[in-house]
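Text of structure-v4.pdb, listed as PDB, C-alpha atoms:
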ATOM      1  CA  MET Z  10     -12.749 -28.724 -25.971
ATOM      2  CA  GLN Z  11     -11.811 -25.051 -25.756
ATOM      3  CA  THR Z  12     -14.606 -22.604 -26.570
ATOM      4  CA  ASP Z  13     -14.568 -18.941 -27.520
ATOM      5  CA  ILE Z  14     -14.487 -16.553 -24.578
ATOM      6  CA  ALA Z  15     -17.974 -15.186 -24.125
ATOM      7  CA  GLY Z  16     -19.232 -11.924 -22.704
ATOM      8  CA  GLU Z  17     -19.379  -8.249 -23.578
ATOM      9  CA  ILE Z  18     -16.530  -5.963 -24.560
ATOM     10  CA  ASP Z  19     -14.798  -4.758 -21.418
ATOM     11  CA  ILE Z  20     -14.133  -1.124 -20.501
ATOM     12  CA  LEU Z  21     -10.532  -1.752 -21.611
ATOM     13  CA  GLY Z  22     -11.791  -2.415 -25.131
ATOM     14  CA  GLU Z  23     -10.926  -5.291 -27.451
ATOM     15  CA  PRO Z  24      -9.536  -7.893 -26.980
ATOM     16  CA  TYR Z  25     -10.804  -7.779 -23.393
ATOM     17  CA  ARG Z  26     -14.216  -9.231 -22.614
ATOM     18  CA  GLN Z  27     -16.176  -9.329 -19.381
ATOM     19  CA  ARG Z  28     -18.783 -11.595 -17.837
ATOM     20  CA  THR Z  29     -20.934 -10.866 -14.795
ATOM     21  CA  ILE Z  30     -21.118 -13.536 -12.099
ATOM     22  CA  ALA Z  31     -24.375 -13.245 -10.161
ATOM     23  CA  LEU Z  32     -24.006 -14.045  -6.454
ATOM     24  CA  PRO Z  33     -26.503 -14.409  -3.574
ATOM     25  CA  ASP Z  34     -27.770 -11.161  -2.074
ATOM     26  CA  ASP Z  35     -26.301  -9.929   1.199
ATOM     27  CA  ASP Z  36     -27.526  -7.412   3.786
ATOM     28  CA  GLN Z  37     -26.989  -4.563   1.295
ATOM     29  CA  GLY Z  38     -28.834  -6.208  -1.590
ATOM     30  CA  PRO Z  39     -27.709  -7.719  -4.937
ATOM     31  CA  VAL Z  40     -24.095  -8.857  -5.288
ATOM     32  CA  VAL Z  41     -22.021  -9.548  -8.411
ATOM     33  CA  ALA Z  42     -18.438 -10.238  -9.413
ATOM     34  CA  THR Z  43     -16.929  -9.558 -12.841
ATOM     35  CA  LEU Z  44     -14.649 -11.855 -14.817
ATOM     36  CA  VAL Z  45     -12.463 -10.122 -17.421
ATOM     37  CA  SER Z  46     -10.759 -12.242 -20.086
ATOM     38  CA  ARG Z  47      -8.359 -12.066 -23.001
ATOM     39  CA  ARG Z  48      -7.257 -14.839 -25.351
ATOM     40  CA  ALA Z  49      -3.658 -15.697 -26.146
ATOM     41  CA  ALA Z  50      -2.640 -15.461 -29.804
ATOM     42  CA  GLN Z  51      -2.736 -19.245 -30.266
ATOM     43  CA  PRO Z  52      -5.234 -21.751 -28.829
ATOM     44  CA  THR Z  53      -4.107 -22.981 -25.421
ATOM     45  CA  THR Z  54      -5.372 -25.026 -22.511
ATOM     46  CA  ARG Z  55      -3.363 -22.977 -20.001
ATOM     47  CA  ALA Z  56      -4.941 -20.070 -18.136
ATOM     48  CA  VAL Z  57      -4.124 -17.590 -15.389
ATOM     49  CA  LEU Z  58      -6.597 -15.922 -13.029
ATOM     50  CA  TYR Z  59      -5.482 -12.572 -11.579
ATOM     51  CA  VAL Z  60      -6.936 -11.409  -8.240
ATOM     52  CA  HIS Z  61      -6.414  -7.772  -7.225
ATOM     53  CA  GLY Z  62      -5.706  -6.263  -3.809
ATOM     54  CA  PHE Z  63      -7.563  -3.882  -1.484
ATOM     55  CA  ASN Z  64      -8.480  -0.482  -2.979
ATOM     56  CA  ASP Z  65      -7.919  -2.011  -6.398
ATOM     57  CA  TYR Z  66      -9.340  -3.561  -9.559
ATOM     58  CA  PHE Z  67      -7.863  -4.989 -12.750
ATOM     59  CA  PHE Z  68      -6.380  -2.373 -15.081
ATOM     60  CA  GLN Z  69      -2.772  -3.609 -15.569
ATOM     61  CA  THR Z  70      -2.905  -4.577 -19.243
ATOM     62  CA  HIS Z  71       0.867  -5.053 -19.355
ATOM     63  CA  LEU Z  72       0.385  -7.891 -16.847
ATOM     64  CA  ALA Z  73      -2.031  -9.523 -19.274
ATOM     65  CA  ASP Z  74       0.532  -8.985 -22.051
ATOM     66  CA  PHE Z  75       3.098 -10.920 -20.012
ATOM     67  CA  PHE Z  76       0.887 -13.981 -19.672
ATOM     68  CA  VAL Z  77      -0.628 -14.118 -23.150
ATOM     69  CA  GLU Z  78       2.860 -13.803 -24.663
ATOM     70  CA  ARG Z  79       3.710 -16.998 -22.760
ATOM     71  CA  GLY Z  80       0.733 -18.926 -24.048
ATOM     72  CA  TYR Z  81      -1.767 -18.322 -21.260
ATOM     73  CA  ASP Z  82      -5.329 -17.182 -21.710
ATOM     74  CA  PHE Z  83      -5.653 -14.327 -19.236
ATOM     75  CA  TYR Z  84      -8.494 -13.833 -16.763
ATOM     76  CA  ALA Z  85      -8.908 -11.261 -14.003
ATOM     77  CA  ILE Z  86     -11.707 -11.033 -11.477
ATOM     78  CA  ASP Z  87     -13.027  -7.876  -9.881
ATOM     79  CA  LEU Z  88     -14.292  -9.292  -6.601
ATOM     80  CA  ARG Z  89     -17.635  -8.290  -5.109
ATOM     81  CA  LYS Z  90     -17.809  -4.578  -4.186
ATOM     82  CA  TYR Z  91     -14.626  -3.759  -6.109
ATOM     83  CA  GLY Z  92     -14.128  -1.990  -9.431
ATOM     84  CA  ARG Z  93     -16.475  -3.234 -12.140
ATOM     85  CA  SER Z  94     -18.455  -5.158  -9.535
ATOM     86  CA  LEU Z  95     -19.143  -2.201  -7.206
ATOM     87  CA  LEU Z  96     -22.857  -1.381  -7.264
ATOM     88  CA  GLU Z  97     -24.404   1.912  -6.184
ATOM     89  CA  HIS Z  98     -25.990   0.525  -3.015
ATOM     90  CA  GLN Z  99     -22.789  -1.133  -1.762
ATOM     91  CA  THR Z 100     -20.035  -0.127   0.654
ATOM     92  CA  PRO Z 101     -16.781  -0.319  -1.338
ATOM     93  CA  ASN Z 102     -14.497  -3.257  -0.507
ATOM     94  CA  PHE Z 103     -16.572  -4.305   2.521
ATOM     95  CA  THR Z 104     -16.453  -7.864   3.830
ATOM     96  CA  ARG Z 105     -16.947  -9.753   7.072
ATOM     97  CA  SER Z 106     -14.781 -12.727   6.116
ATOM     98  CA  MET Z 107     -12.204 -13.754   3.535
ATOM     99  CA  ASP Z 108     -14.435 -16.768   2.886
ATOM    100  CA  GLU Z 109     -17.097 -14.475   1.384
ATOM    101  CA  TYR Z 110     -14.969 -14.295  -1.766
ATOM    102  CA  PHE Z 111     -14.777 -18.060  -2.272
ATOM    103  CA  PRO Z 112     -18.042 -18.353  -4.298
ATOM    104  CA  GLU Z 113     -16.856 -15.999  -7.060
ATOM    105  CA  LEU Z 114     -13.449 -17.678  -7.150
ATOM    106  CA  ASP Z 115     -15.190 -21.056  -7.455
ATOM    107  CA  ALA Z 116     -17.393 -19.690 -10.230
ATOM    108  CA  ALA Z 117     -14.414 -18.202 -12.074
ATOM    109  CA  ALA Z 118     -12.499 -21.494 -11.858
ATOM    110  CA  ARG Z 119     -15.501 -23.409 -13.227
ATOM    111  CA  ILE Z 120     -15.847 -21.003 -16.150
ATOM    112  CA  ILE Z 121     -12.128 -21.191 -16.930
ATOM    113  CA  ARG Z 122     -11.881 -24.975 -16.683
ATOM    114  CA  GLU Z 123     -15.300 -26.324 -17.657
ATOM    115  CA  GLN Z 124     -16.780 -23.715 -19.993
ATOM    116  CA  ASP Z 125     -13.609 -22.406 -21.610
ATOM    117  CA  GLY Z 126     -11.762 -25.731 -21.701
ATOM    118  CA  HIS Z 127      -8.528 -25.126 -19.774
ATOM    119  CA  ASP Z 128      -6.796 -27.961 -17.959
ATOM    120  CA  LYS Z 129      -4.120 -25.889 -16.183
ATOM    121  CA  LEU Z 130      -4.855 -22.864 -13.991
ATOM    122  CA  VAL Z 131      -2.360 -20.562 -12.298
ATOM    123  CA  VAL Z 132      -3.649 -17.997  -9.817
ATOM    124  CA  ALA Z 133      -1.730 -14.706  -9.724
ATOM    125  CA  ALA Z 134      -2.685 -12.423  -6.840
ATOM    126  CA  HIS Z 135      -1.632  -9.101  -5.350
ATOM    127  CA  SER Z 136      -1.699  -7.956  -1.697
ATOM    128  CA  THR Z 137      -5.096  -8.796  -0.122
ATOM    129  CA  GLY Z 138      -5.775 -11.012  -3.116
ATOM    130  CA  GLY Z 139      -2.806 -13.118  -2.028
ATOM    131  CA  LEU Z 140      -4.307 -13.688   1.422
ATOM    132  CA  ILE Z 141      -7.741 -14.488  -0.026
ATOM    133  CA  THR Z 142      -6.502 -16.937  -2.652
ATOM    134  CA  ALA Z 143      -4.115 -18.713  -0.278
ATOM    135  CA  LEU Z 144      -7.034 -19.442   2.061
ATOM    136  CA  TRP Z 145      -9.269 -20.397  -0.881
ATOM    137  CA  ALA Z 146      -6.684 -22.805  -2.297
ATOM    138  CA  GLN Z 147      -6.285 -24.361   1.147
ATOM    139  CA  ALA Z 148     -10.051 -24.776   1.464
ATOM    140  CA  ARG Z 149     -10.218 -26.509  -1.920
ATOM    141  CA  GLY Z 150      -7.461 -28.925  -0.887
ATOM    142  CA  ASP Z 151      -6.135 -31.336  -3.488
ATOM    143  CA  ASP Z 152      -9.129 -31.130  -5.834
ATOM    144  CA  GLY Z 153      -6.940 -29.908  -8.701
ATOM    145  CA  THR Z 154      -8.507 -26.461  -8.951
ATOM    146  CA  VAL Z 155      -5.181 -24.595  -8.788
ATOM    147  CA  ASP Z 156      -1.905 -25.701 -10.379
ATOM    148  CA  GLY Z 157       0.264 -22.853  -9.112
ATOM    149  CA  LEU Z 158       0.123 -19.675  -7.000
ATOM    150  CA  LEU Z 159       2.021 -16.523  -7.938
ATOM    151  CA  PHE Z 160       1.903 -13.867  -5.206
ATOM    152  CA  ASN Z 161       2.894 -10.226  -5.665
ATOM    153  CA  SER Z 162       3.449  -8.564  -2.236
ATOM    154  CA  PRO Z 163       0.794 -10.624  -0.404
ATOM    155  CA  PHE Z 164      -0.920  -9.117   2.661
ATOM    156  CA  PHE Z 165       0.217 -11.544   5.352
ATOM    157  CA  ASP Z 166       0.327  -9.061   8.261
ATOM    158  CA  PHE Z 167      -0.573  -5.482   9.118
ATOM    159  CA  ASN Z 168       2.178  -2.931   8.624
ATOM    160  CA  ALA Z 169       2.130  -1.693  12.208
ATOM    161  CA  PRO Z 170       3.983  -2.175  15.493
ATOM    162  CA  TRP Z 171       3.230  -5.308  17.507
ATOM    163  CA  PHE Z 172       0.804  -3.564  19.860
ATOM    164  CA  MET Z 173      -1.255  -2.457  16.855
ATOM    165  CA  ARG Z 174      -1.136  -5.827  15.092
ATOM    166  CA  ARG Z 175      -2.287  -7.783  18.143
ATOM    167  CA  PRO Z 176      -4.213  -6.178  21.066
ATOM    168  CA  ALA Z 177      -5.463  -3.093  19.211
ATOM    169  CA  VAL Z 178      -6.620  -5.079  16.194
ATOM    170  CA  SER Z 179      -8.389  -7.527  18.525
ATOM    171  CA  ALA Z 180     -10.198  -4.641  20.204
ATOM    172  CA  VAL Z 181     -11.362  -3.326  16.847
ATOM    173  CA  GLY Z 182     -12.529  -6.837  16.006
ATOM    174  CA  SER Z 183     -14.860  -6.936  19.018
ATOM    175  CA  LEU Z 184     -16.443  -3.685  17.822
ATOM    176  CA  ALA Z 185     -17.124  -5.315  14.449
ATOM    177  CA  ARG Z 186     -19.872  -7.430  15.977
ATOM    178  CA  ARG Z 187     -21.781  -4.329  17.121
ATOM    179  CA  ALA Z 188     -21.000  -1.826  14.356
ATOM    180  CA  PRO Z 189     -19.447  -3.631  11.363
ATOM    181  CA  TYR Z 190     -19.620  -0.619   9.039
ATOM    182  CA  ARG Z 191     -18.011   1.855  11.416
ATOM    183  CA  VAL Z 192     -15.043   3.624   9.860
ATOM    184  CA  VAL Z 193     -11.707   3.274  11.617
ATOM    185  CA  PRO Z 194     -10.125   6.755  11.739
ATOM    186  CA  LEU Z 195      -6.795   5.729  10.276
ATOM    187  CA  LYS Z 196      -4.505   8.313   8.743
ATOM    188  CA  VAL Z 197      -3.867   6.451   5.507
ATOM    189  CA  PRO Z 198      -1.000   8.119   3.618
ATOM    190  CA  ARG Z 199      -1.434   9.020  -0.030
ATOM    191  CA  LEU Z 200       2.187   8.126  -0.726
ATOM    192  CA  TYR Z 201       1.604   4.898  -2.633
ATOM    193  CA  GLY Z 202      -1.230   6.270  -4.745
ATOM    194  CA  ARG Z 203       0.810   9.390  -5.450
ATOM    195  CA  SER Z 204       3.754   7.253  -6.562
ATOM    196  CA  ILE Z 205       1.760   5.354  -9.200
ATOM    197  CA  HIS Z 206      -0.934   7.639 -10.681
ATOM    198  CA  ARG Z 207       0.172   9.680 -13.669
ATOM    199  CA  ASP Z 208      -1.640  12.814 -12.452
ATOM    200  CA  HIS Z 209       0.739  12.866  -9.480
ATOM    201  CA  ASP Z 210       4.251  11.343  -9.460
ATOM    202  CA  GLY Z 211       3.503   8.062 -11.220
ATOM    203  CA  GLU Z 212       3.171   6.708 -14.745
ATOM    204  CA  TRP Z 213      -0.084   4.731 -14.605
ATOM    205  CA  ASP Z 214      -3.678   5.647 -15.390
ATOM    206  CA  PHE Z 215      -6.618   4.120 -13.543
ATOM    207  CA  ARG Z 216     -10.116   5.055 -12.406
ATOM    208  CA  VAL Z 217      -9.817   6.910  -9.116
ATOM    209  CA  ASP Z 218     -13.503   6.311  -8.350
ATOM    210  CA  TRP Z 219     -12.605   2.603  -8.184
ATOM    211  CA  LYS Z 220      -9.085   3.047  -6.857
ATOM    212  CA  PRO Z 221      -8.832   6.356  -4.940
ATOM    213  CA  VAL Z 222      -5.339   7.750  -4.567
ATOM    214  CA  ALA Z 223      -5.893   8.005  -0.788
ATOM    215  CA  GLY Z 224      -7.880   4.756  -0.600
ATOM    216  CA  PHE Z 225     -11.421   3.964   0.536
ATOM    217  CA  PRO Z 226     -12.313   4.210   4.247
ATOM    218  CA  VAL Z 227     -11.289   1.199   6.331
ATOM    219  CA  ARG Z 228     -14.113  -0.368   8.348
ATOM    220  CA  VAL Z 229     -13.977  -2.414  11.522
ATOM    221  CA  ALA Z 230     -15.499  -5.597  10.049
ATOM    222  CA  TRP Z 231     -12.871  -5.571   7.290
ATOM    223  CA  ILE Z 232     -10.055  -5.337   9.838
ATOM    224  CA  LYS Z 233     -11.539  -8.244  11.781
ATOM    225  CA  ALA Z 234     -11.875 -10.305   8.588
ATOM    226  CA  ILE Z 235      -8.288  -9.615   7.531
ATOM    227  CA  ARG Z 236      -6.926 -10.415  10.975
ATOM    228  CA  ALA Z 237      -8.856 -13.696  11.164
ATOM    229  CA  GLY Z 238      -7.545 -14.697   7.743
ATOM    230  CA  GLN Z 239      -3.982 -13.810   8.667
ATOM    231  CA  GLN Z 240      -4.202 -15.841  11.862
ATOM    232  CA  ARG Z 241      -5.268 -18.896   9.859
ATOM    233  CA  LEU Z 242      -2.290 -18.414   7.572
ATOM    234  CA  HIS Z 243       0.127 -17.831  10.474
ATOM    235  CA  ALA Z 244      -0.988 -21.131  12.005
ATOM    236  CA  GLY Z 245       0.291 -22.815   8.858
ATOM    237  CA  LEU Z 246      -1.341 -23.906   5.614
ATOM    238  CA  ASP Z 247      -0.578 -27.083   3.674
ATOM    239  CA  LEU Z 248      -0.660 -25.969   0.063
ATOM    240  CA  ARG Z 249       0.783 -28.649  -2.226
ATOM    241  CA  MET Z 250       1.106 -26.751  -5.519
ATOM    242  CA  PRO Z 251       4.203 -24.690  -6.487
ATOM    243  CA  ILE Z 252       4.107 -21.235  -4.877
ATOM    244  CA  PHE Z 253       5.961 -18.093  -5.919
ATOM    245  CA  VAL Z 254       6.134 -15.137  -3.507
ATOM    246  CA  ALA Z 255       7.760 -11.860  -4.541
ATOM    247  CA  CYS Z 256       8.126  -8.614  -2.618
ATOM    248  CA  ALA Z 257      10.302  -5.519  -2.523
ATOM    249  CA  THR Z 258      13.617  -5.438  -0.699
ATOM    250  CA  ARG Z 259      12.724  -2.425   1.448
ATOM    251  CA  THR Z 260       9.760  -0.931   3.314
ATOM    252  CA  TYR Z 261       9.051   2.804   3.112
ATOM    253  CA  ARG Z 262       9.873   4.369   6.484
ATOM    254  CA  GLN Z 263       9.414   8.113   5.955
ATOM    255  CA  ARG Z 264       6.418  10.080   7.256
ATOM    256  CA  GLY Z 265       6.177  12.388   4.271
ATOM    257  CA  TRP Z 266       6.841  12.168   0.557
ATOM    258  CA  THR Z 267      10.303  11.396  -0.775
ATOM    259  CA  ASP Z 268      11.447   9.748  -3.986
ATOM    260  CA  GLU Z 269      12.090   6.574  -1.969
ATOM    261  CA  ALA Z 270       8.387   5.841  -2.456
ATOM    262  CA  HIS Z 271       9.310   4.825  -6.002
ATOM    263  CA  GLU Z 272      11.723   2.120  -4.832
ATOM    264  CA  THR Z 273      10.114   0.683  -1.692
ATOM    265  CA  ASP Z 274       6.864  -0.871  -0.495
ATOM    266  CA  ALA Z 275       4.883   2.072   0.924
ATOM    267  CA  VAL Z 276       1.959  -0.130   2.037
ATOM    268  CA  LEU Z 277       3.226  -3.317   3.712
ATOM    269  CA  ASN Z 278       6.261  -4.296   5.767
ATOM    270  CA  VAL Z 279       8.217  -6.560   3.442
ATOM    271  CA  GLU Z 280       9.849  -8.366   6.387
ATOM    272  CA  HIS Z 281       6.386  -9.623   7.380
ATOM    273  CA  ILE Z 282       5.927 -11.103   3.904
ATOM    274  CA  VAL Z 283       9.288 -12.874   4.135
ATOM    275  CA  ARG Z 284       8.529 -14.112   7.647
ATOM    276  CA  TRP Z 285       5.137 -15.650   6.850
ATOM    277  CA  ALA Z 286       5.690 -16.947   3.309
ATOM    278  CA  PRO Z 287       6.985 -20.347   4.547
ATOM    279  CA  ALA Z 288       3.632 -20.866   6.308
ATOM    280  CA  LEU Z 289       2.006 -21.384   2.896
ATOM    281  CA  GLY Z 290       3.511 -24.745   2.037
ATOM    282  CA  ARG Z 291       6.691 -26.666   1.229
ATOM    283  CA  HIS Z 292       7.060 -25.946  -2.503
ATOM    284  CA  LEU Z 293       7.943 -22.264  -2.103
ATOM    285  CA  THR Z 294      10.059 -19.874  -4.164
ATOM    286  CA  LEU Z 295      10.712 -16.509  -2.465
ATOM    287  CA  VAL Z 296      12.172 -13.586  -4.425
ATOM    288  CA  ARG Z 297      12.889 -10.001  -3.356
ATOM    289  CA  ILE Z 298      12.906  -7.326  -6.049
ATOM    290  CA  ASP Z 299      15.339  -4.469  -5.548
ATOM    291  CA  GLY Z 300      13.609  -1.148  -6.230
ATOM    292  CA  GLY Z 301      10.151  -2.718  -6.176
ATOM    293  CA  LYS Z 302       6.948  -0.973  -5.094
ATOM    294  CA  HIS Z 303       3.959  -2.521  -3.334
ATOM    295  CA  ASP Z 304       2.498  -3.677  -6.635
ATOM    296  CA  LEU Z 305       5.643  -4.951  -8.273
ATOM    297  CA  THR Z 306       4.025  -4.760 -11.710
ATOM    298  CA  LEU Z 307       3.683  -0.974 -11.241
ATOM    299  CA  SER Z 308       7.303  -0.475 -10.210
ATOM    300  CA  ARG Z 309       9.664   1.573 -12.292
ATOM    301  CA  ARG Z 310      11.993  -0.198 -14.636
ATOM    302  CA  PRO Z 311      14.189  -2.176 -14.118
ATOM    303  CA  ALA Z 312      12.350  -3.428 -10.999
ATOM    304  CA  ARG Z 313       9.198  -4.476 -12.818
ATOM    305  CA  ASP Z 314      11.264  -6.119 -15.538
ATOM    306  CA  ALA Z 315      13.070  -8.072 -12.815
ATOM    307  CA  PHE Z 316       9.735  -9.177 -11.346
ATOM    308  CA  PHE Z 317       8.485 -10.398 -14.710
ATOM    309  CA  ALA Z 318      11.777 -12.160 -15.419
ATOM    310  CA  GLU Z 319      11.616 -14.004 -12.085
ATOM    311  CA  SER Z 320       7.960 -14.872 -12.671
ATOM    312  CA  ASP Z 321       8.808 -16.222 -16.119
ATOM    313  CA  ARG Z 322      11.616 -18.338 -14.680
ATOM    314  CA  TRP Z 323       9.308 -19.810 -12.028
ATOM    315  CA  LEU Z 324       6.517 -20.530 -14.514
ATOM    316  CA  SER Z 325       8.934 -22.226 -16.911
ATOM    317  CA  THR Z 326      10.537 -24.316 -14.177
ATOM    318  CA  TYR Z 327       7.621 -25.392 -11.986
ATOM    319  CA  VAL Z 328       4.354 -24.896 -13.866
ATOM    320  CA  HIS Z 329       4.522 -25.373 -17.624
ATOM    321  CA  GLY Z 330       8.141 -26.526 -17.930
TER     322      GLY Z 330
END
Could you quickly redo this structure as C-alpha cells?
Amino acid sequence: MQTDIAGEIDILGEPYRQRTIALPDDDQGPVVATLVSRRAAQPTTRAVLYVHGFNDYFFQTHLADFFVERGYDFYAIDLRKYGRSLLEHQTPNFTRSMDEYFPELDAAARIIREQDGHDKLVVAAHSTGGLITALWAQARGDDGTVDGLLFNSPFFDFNAPWFMRRPAVSAVGSLARRAPYRVVPLKVPRLYGRSIHRDHDGEWDFRVDWKPVAGFPVRVAWIKAIRAGQQRLHAGLDLRMPIFVACATRTYRQRGWTDEAHETDAVLNVEHIVRWAPALGRHLTLVRIDGGKHDLTLSRRPARDAFFAESDRWLSTYVHG
C-alpha cells in the first residue's frame, strides 16, 4: 500500500521533501544521509533512486522531471558528508571504503520499498555514484533490491596514464593507513566546473559550498577506497538486472580552457568507461552521447536530449516495458 512521502520541505521547495537518515557515528562524530523525494503526478509503484558523484549533491531538478513524467516517484540521496548531509565537524566527501555507503543505500531502499510502497526500483547514478552502486548491487545479490541500473559516466578508472593508475595510486594507498586525511597535492582543473556553473561559462546554478567549482581537496584514504572499489569491478561483477551505461564520445585533452569543454568529458577518460562496462554483467546496454559532458544531464542541447531519449528507450524496453 503506497503511503504519502514524509519529511520536511527540501531546500528546492515544493514538491521536494527530505528525510534525514541517522547513521552510526564514525571517528569524526555523528553521521547522517539525506533522502530527497518527489511524487509523480499519478500514484505509482515504480521509483528511481538517484546517487550523485564526487564533489556533488542532488540539484538537477530536470532529471527528476524526466522520471516523474514517466510515472516514477523520484528519490535522490545525498550520501554521508556530501551536500545536505555534510555536517560542520566533517571532512567533505571523505571515506575509507565504498562499502561505507551501503548502510544509507540499504536504508533508502527500505524506505522506498517498505514504507512508501514501491515494488520496482531503478537506481540512476553518476560518476563515483556509479562505482558505489554497482558494488552495492553486487553485494545485495539477487535479493530483488534493484530492478535496473542506469549509469551516467560512471567512475570505473582514474583518468591518468598507466603509471599513475597503478604504481603511484598503490603508493598513495599505503600512505592512507598512516595519514588517511592527508591531502594529495593534485592540480585539479576548474574546467568542468567552469563549463557548467552559470557564473562562469555554464547554464546551471548550484551551491558552490557543496559543489565547489574547483572541487574539494582529494585525500589519500579516498584514493585508496576508490582504487580498491575499481579493482573489484575490474575483476568482474555478476549483476543480473538490466544495466544502462552512457558516456560522452570524447575526452577533453587540452591543458587550458577551450570551448571543447562543453562537448567532451573533462573529468574521466571515456575509453576507460567503455572498456570496463562489460565487467558489470551480461545484460548491458552501452551508449555514447556525441557532445556530452561528464554529467550528461548537464550537457548542452542536443546532447542532454539525446541522453534522456536513450534512457527513455532503455527504460521502456528493459525495465517497465
Open item on the list: Evaluate the PyMOL selection byres ((chain Z and resi 264-279) around 7) against this structure - the residues, as number ranges by chain, please.
Closed with: Z: 167-168, 200-201, 204, 256-263, 280-283, 300-303
TODO: Apply the PyMOL selection byres ((chain Z and resi 117) around 9) to the structure shown and report the selected residues as a PyMOL selection string.
DONE: chain Z and resi 30+44+58+84+86+112-116+118-122
- [ ] Can you give me, as a PyMOL selection string, the residues this file yields under the PyMOL selection byres ((chain Z and resi 148-159) around 6)?
- [x] chain Z and resi 130-133+145-147+160+250-253
Open item on the list: Show me, as number ranges by chain, the residues that have an atom within 12 Å of Ala73 in chain Z when counting all atoms listed in the file, minus same-chain residues fewer than 4 positions from it.
Closed with: Z: 21, 24-25, 45-49, 56-59, 67-69, 77-85, 133, 306, 317
- [ ] For CA of Leu242 in chain Z and CA of Pro189 in chain Z, quote the distance in Å rounded to one decimal.
- [x] 23.0 Å
Task: Between CA of Gly38 in chain Z and CA of Gln239 in chain Z - distance in Å to one decimal - done: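 CA of Gly38 in chain Z lies at a distance of 27.9 Å from CA of Gln239 in chain Z.
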Open item on the list: Around (-4.7, -24.1, 10.0), as given in the file, which residues come within 12 Å? Count only C-alpha atoms and list them as a list in words.
Closed with: Ala143, Leu144, Gln147, Ala148, Ala237, Gly238, Gln239, Gln240, Arg241, Leu242, His243, Ala244, Gly245, Leu246, Asp247, Leu248, Ala288, Leu289 and Gly290 of chain Z
Task: Selection near Gly211 in chain Z, 10 Å with only C-alpha atoms, sequence-local residues under 4 positions removed, as a ChimeraX atom specification - done: /Z:201-207,271,307-309
Test item: axis-aligned box, all listed atoms of range 90-93 of chain Z, 6 Å on each side, centre and edges in Å rounded to one decimal, as AutoDock Vina command-line options:
--center_x -16.0 --center_y -3.3 --center_z -8.2 --size_x 15.7 --size_y 14.6 --size_z 20.0
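Here CA of Val227 in chain Z is placed at a distance of 11.9 Å from CA of Ala185 in chain Z.
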Task: Distance criterion (only C-alpha atoms): nearest to Gln124 in chain Z out of Z:Asp218, Z:Ala15, Z:Asp299, Z:Glu23 - done: Z:Ala15
Expected file content for range 297-308 of chain Z, N, CA, C and O atoms, as a tab-separated table (two decimals), in the first residue's frame:
chain	number	residue	atom	x	y	z
Z	297	ARG	N	27.02	5.93	-26.32
Z	297	ARG	CA	27.91	7.09	-26.27
Z	297	ARG	C	27.17	8.29	-26.84
Z	297	ARG	O	26.58	8.21	-27.92
Z	298	ILE	N	27.23	9.39	-26.12
Z	298	ILE	CA	26.47	10.59	-26.46
Z	298	ILE	C	27.41	11.63	-27.07
Z	298	ILE	O	28.29	12.17	-26.40
Z	299	ASP	N	27.20	11.91	-28.34
Z	299	ASP	CA	28.02	12.90	-29.03
Z	299	ASP	C	27.76	14.29	-28.44
Z	299	ASP	O	26.62	14.71	-28.31
Z	300	GLY	N	28.83	14.98	-28.08
Z	300	GLY	CA	28.70	16.31	-27.48
Z	300	GLY	C	28.41	16.30	-26.00
Z	300	GLY	O	28.14	17.36	-25.42
Z	301	GLY	N	28.48	15.12	-25.36
Z	301	GLY	CA	28.17	15.03	-23.95
Z	301	GLY	C	29.29	15.51	-23.05
Z	301	GLY	O	30.46	15.41	-23.39
Z	302	LYS	N	28.91	16.02	-21.87
Z	302	LYS	CA	29.87	16.38	-20.82
Z	302	LYS	C	29.99	15.22	-19.83
Z	302	LYS	O	29.39	14.16	-20.02
Z	303	HIS	N	30.74	15.47	-18.75
Z	303	HIS	CA	30.91	14.43	-17.74
Z	303	HIS	C	29.56	14.04	-17.14
Z	303	HIS	O	29.22	12.86	-17.10
Z	304	ASP	N	28.82	15.01	-16.65
Z	304	ASP	CA	27.43	14.72	-16.26
Z	304	ASP	C	26.58	14.97	-17.49
Z	304	ASP	O	26.34	16.11	-17.89
Z	305	LEU	N	26.14	13.91	-18.10
Z	305	LEU	CA	25.40	14.02	-19.36
Z	305	LEU	C	24.13	14.84	-19.21
Z	305	LEU	O	23.67	15.46	-20.16
Z	306	THR	N	23.55	14.85	-18.01
Z	306	THR	CA	22.32	15.62	-17.80
Z	306	THR	C	22.59	17.12	-17.79
Z	306	THR	O	21.65	17.92	-17.92
Z	307	LEU	N	23.86	17.52	-17.64
Z	307	LEU	CA	24.23	18.94	-17.64
Z	307	LEU	C	24.85	19.37	-18.97
Z	307	LEU	O	25.34	20.50	-19.10
Z	308	SER	N	24.83	18.47	-19.95
Z	308	SER	CA	25.34	18.81	-21.27
Z	308	SER	C	24.46	19.83	-21.94
Z	308	SER	O	23.29	20.02	-21.59
